[in-house]
Amino acid sequence: DAGVIQSPRHEVTEMGQEVTLRCKPISGHNSLFWYRQTMMRGLELLIYFNNNVPIDDSGMPEDRFSAKMPNASFSTLKIQPSEPRDSAVYFCASELEMNTEAFFGQGTRLTVV
Amino acid sequence: AQSVTQPDIHITVSEGASLELRCNYSYGATPYLFWYVQSPGQGLQLLLKYFSGDTLVQGIKGFEAEFKRSQSSFNLRKPSVHWSDAAEYFCAVGPRAAGNKLTFGGGTRVLVKP
């Protein structure tokens, strides 16, 4: 398996624009997580899904952020409208079962100018 | 609320020397414990994990970690570091229940001197 695949790897956008980050988990994994990494706040869990159902989105910073998992092989994280403070590296991770090893993608580096 | 503390933000070590990275956690019960490594521009890779049993856990790349319940610690060690070990290391805890909401420490960046 190619691992967790995230796209794009880098995204530069202007403030106010909509940004969509994409994630393809490892085939067969039933849990998917979105994390955000910044220098100031470190790694934060934004939301996670189990069997395509959002379980906990308490980490989503505000209503501008939304995440979907329409099927077992695809998830999106959308920011609308984007703001400079959203600049960070966003990671997607998947697990075969809860509380086992999380496999991380290489991340999307988002810069909002 | 759970928290993970990695007291050392940066550590510089000479190649061939030993390495120990500290991790302390605050949790309501004994959690699952993890160490991840992040190379520049890359995602996180699991080094090792502790769920139960032997409190000394062996991982990949020659790393080991010891769970000490009395100290709420899960320190990572390597007897002899290689230049390729230069990276950032994250300790994480997760609940022993459905819903693996990992809480990460702030990370320790390791620099390896030749």
# chains A, B, ... in the order shown; residues from 1 in each chain; ligands from 1
>>> interface_residues(of="chain B", to="chain A", cutoff="6 Å", atoms="only C-alpha atoms", output="mmCIF file with N, CA and C atoms, in the first residue's frame")
data_model
loop_
_atom_site.group_PDB
_atom_site.id
_atom_site.type_symbol
_atom_site.label_atom_id
_atom_site.label_comp_id
_atom_site.auth_asym_id
_atom_site.auth_seq_id
_atom_site.Cartn_x
_atom_site.Cartn_y
_atom_site.Cartn_z
ATOM 1 N N GLN B 42 8.386 15.651 6.504
ATOM 2 C CA GLN B 42 7.714 14.360 6.458
ATOM 3 C C GLN B 42 6.612 14.266 7.498
ATOM 4 N N GLY B 43 5.807 13.238 7.356
ATOM 5 C CA GLY B 43 4.817 12.970 8.379
ATOM 6 C C GLY B 43 5.445 12.266 9.567
ATOM 7 N N LEU B 44 4.603 11.862 10.495
ATOM 8 C CA LEU B 44 5.088 11.196 11.695
ATOM 9 C C LEU B 44 5.136 9.688 11.481
ATOM 10 N N ASN B 100 -9.415 6.952 19.626
ATOM 11 C CA ASN B 100 -8.002 7.145 19.895
ATOM 12 C C ASN B 100 -7.610 8.585 19.656
ATOM 13 N N GLY B 106 4.925 18.616 23.005
ATOM 14 C CA GLY B 106 5.395 19.682 22.130
ATOM 15 C C GLY B 106 6.553 19.298 21.226
#
>>> residues_around(residues="Ser39 of chain B", least_positions_apart="6", cutoff="8 Å", atoms="only C-alpha atoms", output="JSON list (two decimals) with all heavy atoms, in the first residue's frame")
[["chain", "number", "residue", "atom", "x", "y", "z"],
["B", 86, "ALA", "N", 18.73, 12.50, 13.53],
["B", 86, "ALA", "CA", 18.38, 13.91, 13.66],
["B", 86, "ALA", "C", 16.97, 14.12, 13.14],
["B", 86, "ALA", "O", 16.68, 13.86, 11.97],
["B", 86, "ALA", "CB", 19.37, 14.77, 12.89],
["B", 87, "ALA", "N", 16.08, 14.55, 14.01],
["B", 87, "ALA", "CA", 14.66, 14.68, 13.68],
["B", 87, "ALA", "C", 13.95, 15.29, 14.88],
["B", 87, "ALA", "O", 14.58, 15.65, 15.88],
["B", 87, "ALA", "CB", 14.06, 13.30, 13.36],
["B", 88, "GLU", "N", 12.64, 15.37, 14.77],
["B", 88, "GLU", "CA", 11.85, 15.80, 15.91],
["B", 88, "GLU", "C", 11.08, 14.60, 16.44],
["B", 88, "GLU", "O", 10.52, 13.82, 15.65],
["B", 88, "GLU", "CB", 10.89, 16.94, 15.54],
["B", 88, "GLU", "CG", 10.21, 17.57, 16.74],
["B", 88, "GLU", "CD", 9.80, 19.01, 16.51],
["B", 88, "GLU", "OE1", 9.71, 19.42, 15.35],
["B", 88, "GLU", "OE2", 9.57, 19.71, 17.53]]
>>> residues_around(residues="segment 30-38 of chain B", least_positions_apart="3", cutoff="6 Å", atoms="only C-alpha atoms", output="number ranges by chain")
B: 43-51, 87-96
>>> atom_distance(atom1="atom CA of Leu21 of chain A", atom2="atom CA of Pro40 of chain B")
20.5 Å
>>> residues_around(residues="Cys23 of chain B", least_positions_apart="3", cutoff="7 Å", atoms="only C-alpha atoms", output="ChimeraX atom specification")
/B:4-6,73-75,91
>>> atom_distance(atom1="atom CA of Ser73 of chain A", atom2="atom CA of Gln17 of chain A")
26.1 Å
>>> closest_residue(among="A:Leu32, A:Glu18, A:Pro25, A:Asn51", to="Ser66 of chain A", atoms="only C-alpha atoms")
A:Glu18
>>> closest_atom_pairs(of="segment 25-66 of chain A", to="segment 79-82 of chain A", cutoff="12 Å", atoms="only C-alpha atoms", output="JSON lines")
{"residue": "A:Met60", "atom": "CA", "partner": "A:Ile79", "partner_atom": "CA", "distance": 10.5}
{"residue": "A:Pro61", "atom": "CA", "partner": "A:Ile79", "partner_atom": "CA", "distance": 10.4}
{"residue": "A:Glu62", "atom": "CA", "partner": "A:Ile79", "partner_atom": "CA", "distance": 9.6}
{"residue": "A:Asp63", "atom": "CA", "partner": "A:Gln80", "partner_atom": "CA", "distance": 8.6}
{"residue": "A:Arg64", "atom": "CA", "partner": "A:Gln80", "partner_atom": "CA", "distance": 5.1}
{"residue": "A:Phe65", "atom": "CA", "partner": "A:Ile79", "partner_atom": "CA", "distance": 4.7}
{"residue": "A:Ser66", "atom": "CA", "partner": "A:Ile79", "partner_atom": "CA", "distance": 6.6}
>>> atom_distance(atom1="atom CA of Ala1 of chain B", atom2="atom CA of Thr103 of chain B")
10.2 Å
>>> select_by_dssp(residues="segment 16-84 of chain B", states="helix (DSSP H, G or I)", output="ChimeraX atom specification")
/B:60-62,69-71,83-84
>>> closest_residue(among="B:Asp85, B:Ser18, B:Thr108, B:Arg77", to="Val57 of chain B", atoms="only C-alpha atoms")
B:Arg77
>>> closest_residue(among="B:Ser26, B:Ser80, B:Gln2, B:Ser14", to="Leu111 of chain B", atoms="only C-alpha atoms")
B:Ser14
